[in-house]
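Student: Structure incoming, see below.
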Amino acid sequence: MRFADGPSTQVEVRVSAPPEVLWPLVTDIDLPGRFSEEFQGAEWVDGAHGAAVGARFRGRNEHRSIGQWETTSIVFVCDTNSAFGWKVSDVEKPAATWRFDLEPTADGTATTLRQSVQLGPGRSGLTIVLDQRPDMEERIIERRLAEHQRNMTATVEGIKTLAETT
């Protein structure tokens, strides 16, 4: 896998709750910070107070190899009870694109909750590392996607627990 290919990964979990119960959890931009080892939390900026297309938020991250950093993300999809997604740094050429999708069962009593990420095509800390080690590109990307997958799994499992105990 090469960066130019737009590497991506996703995780999903079945939640015994309808999308209406999950929606406030997936649109709480700070909530994943409770479950992720890397993402530390976020807050709305530029006068935004909640999820809406065009709303921006600042996220705080920490990684043992990189240290701490912040990013600004822009919501690009916000379909109530269905999809919530954001692009990091730049809408046209994001460092990454993140998304939650909610797919209800036929009877509406449960939901498949999916979280996904696509890296690039914009610049990020990952591209700086890749510039320094082009010979290791595939291995570096595999490792990065595995880290994201672990944190995303923890996040969707955490959301599942909250939704099913609410």
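Residues in the structure tokens are named by chain (A, B, ... in the order shown) and by number from 1 within that chain; ligands are numbered from 1 in the order shown.
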Considering only C-alpha atoms, give me a table of residues in stretch 44-66 of chain A that are at most 12 Å from stretch 22-28 of chain A, with the closest atom pair and distance in Å for each, as JSON lines.

Tutor:
```
{"residue": "A:Trp44", "atom": "CA", "partner": "A:Asp28", "partner_atom": "CA", "distance": 10.0}
{"residue": "A:His49", "atom": "CA", "partner": "A:Asp28", "partner_atom": "CA", "distance": 10.6}
{"residue": "A:Gly50", "atom": "CA", "partner": "A:Thr27", "partner_atom": "CA", "distance": 7.8}
{"residue": "A:Ala51", "atom": "CA", "partner": "A:Thr27", "partner_atom": "CA", "distance": 6.1}
{"residue": "A:Ala52", "atom": "CA", "partner": "A:Thr27", "partner_atom": "CA", "distance": 9.4}
{"residue": "A:Val53", "atom": "CA", "partner": "A:Thr27", "partner_atom": "CA", "distance": 11.7}
{"residue": "A:Ala55", "atom": "CA", "partner": "A:Thr27", "partner_atom": "CA", "distance": 11.6}
{"residue": "A:Phe57", "atom": "CA", "partner": "A:Asp28", "partner_atom": "CA", "distance": 11.0}
```

Student: Write out as a ChimeraX atom specification all residues of stretch 45-165 of chain A that backbone DSSP assigns to strand (DSSP E).

Tutor: /A:45,56-63,67-79,83-88,96-104,111-119

Student: So that I have them on file, write out the residues from the current selection with C-alpha atoms, as a tab-separated table (two decimals), in the first residue's frame.

Tutor:
```tsv
chain	number	residue	atom	x	y	z
A	45	VAL	CA	-14.26	26.57	17.07
A	56	ARG	CA	-14.98	23.36	12.43
A	57	PHE	CA	-13.36	21.83	15.48
A	58	ARG	CA	-9.88	21.63	16.95
A	59	GLY	CA	-8.64	18.18	17.95
A	60	ARG	CA	-5.81	17.34	20.31
A	61	ASN	CA	-3.66	14.27	19.73
A	62	GLU	CA	-0.71	12.53	21.32
A	63	HIS	CA	1.50	9.71	20.06
A	67	GLY	CA	4.50	13.86	20.71
A	68	GLN	CA	1.50	16.18	20.91
A	69	TRP	CA	-0.21	18.13	18.14
A	70	GLU	CA	-3.48	19.79	17.22
A	71	THR	CA	-5.46	19.77	14.00
A	72	THR	CA	-8.46	21.68	12.75
A	73	SER	CA	-11.16	19.65	11.04
A	74	ILE	CA	-14.16	20.61	8.93
A	75	VAL	CA	-17.44	18.67	8.96
A	76	PHE	CA	-18.31	17.65	5.38
A	77	VAL	CA	-21.22	15.28	6.00
A	78	CYS	CA	-23.84	15.50	8.72
A	79	ASP	CA	-26.89	13.40	7.82
A	83	ALA	CA	-23.55	9.74	8.60
A	84	PHE	CA	-21.11	12.15	10.24
A	85	GLY	CA	-17.71	12.90	8.75
A	86	TRP	CA	-14.90	15.42	8.79
A	87	LYS	CA	-11.77	16.29	6.86
A	88	VAL	CA	-8.57	17.21	8.63
A	96	ALA	CA	-7.22	12.48	6.49
A	97	THR	CA	-10.95	11.93	6.11
A	98	TRP	CA	-12.83	10.41	9.06
A	99	ARG	CA	-16.40	9.18	9.11
A	100	PHE	CA	-19.05	7.43	11.18
A	101	ASP	CA	-21.90	5.64	9.38
A	102	LEU	CA	-25.01	4.26	11.06
A	103	GLU	CA	-27.01	1.55	9.30
A	104	PRO	CA	-30.20	0.46	11.06
A	111	THR	CA	-27.61	-0.44	14.21
A	112	THR	CA	-24.36	-1.28	12.48
A	113	LEU	CA	-21.95	1.44	13.57
A	114	ARG	CA	-18.98	1.87	11.24
A	115	GLN	CA	-16.00	4.18	11.63
A	116	SER	CA	-13.58	4.71	8.76
A	117	VAL	CA	-10.52	6.74	7.88
A	118	GLN	CA	-8.74	7.47	4.63
A	119	LEU	CA	-5.26	8.94	4.78
```

Student: Would you mind listing what lies within 10 Å of A:Leu130 as a PDB file with N, CA and C atoms, in the first residue's frame, with only C-alpha atoms counted and same-chain residues fewer than 6 positions away left out?

Tutor:
```
ATOM      1  N   ARG A   2       0.578   2.111  -0.911  1.00  0.00           N
ATOM      2  CA  ARG A   2       1.323   3.362  -1.018  1.00  0.00           C
ATOM      3  C   ARG A   2       0.410   4.523  -0.619  1.00  0.00           C
ATOM      4  N   PHE A   3       1.007   5.600  -0.150  1.00  0.00           N
ATOM      5  CA  PHE A   3       0.237   6.763   0.279  1.00  0.00           C
ATOM      6  C   PHE A   3      -0.597   7.311  -0.873  1.00  0.00           C
ATOM      7  N   SER A 124       0.745  15.587   6.154  1.00  0.00           N
ATOM      8  CA  SER A 124       0.513  15.358   7.581  1.00  0.00           C
ATOM      9  C   SER A 124       1.821  14.905   8.209  1.00  0.00           C
ATOM     10  N   MET A 136      10.604   2.538   3.331  1.00  0.00           N
ATOM     11  CA  MET A 136       9.763   1.845   4.320  1.00  0.00           C
ATOM     12  C   MET A 136       8.279   2.204   4.174  1.00  0.00           C
ATOM     13  N   GLU A 137       7.907   2.819   3.061  1.00  0.00           N
ATOM     14  CA  GLU A 137       6.558   3.363   2.913  1.00  0.00           C
ATOM     15  C   GLU A 137       5.460   2.353   3.227  1.00  0.00           C
ATOM     16  N   GLU A 138       5.484   1.189   2.617  1.00  0.00           N
ATOM     17  CA  GLU A 138       4.410   0.221   2.842  1.00  0.00           C
ATOM     18  C   GLU A 138       4.328  -0.222   4.299  1.00  0.00           C
ATOM     19  N   ILE A 140       5.408   1.431   6.975  1.00  0.00           N
ATOM     20  CA  ILE A 140       4.976   2.561   7.801  1.00  0.00           C
ATOM     21  C   ILE A 140       3.466   2.752   7.695  1.00  0.00           C
ATOM     22  N   ILE A 141       2.930   2.677   6.489  1.00  0.00           N
ATOM     23  CA  ILE A 141       1.489   2.850   6.294  1.00  0.00           C
ATOM     24  C   ILE A 141       0.725   1.714   6.958  1.00  0.00           C
TER      25      ILE A 141
END
```

Student: Which of these residues is nearest to A:Val129, using only C-alpha atoms: A:Gly6, A:Gly41, A:Met152, A:Ser65?

Tutor: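 Checking each candidate against A:Val129, we get A:Ser65 as the closest.
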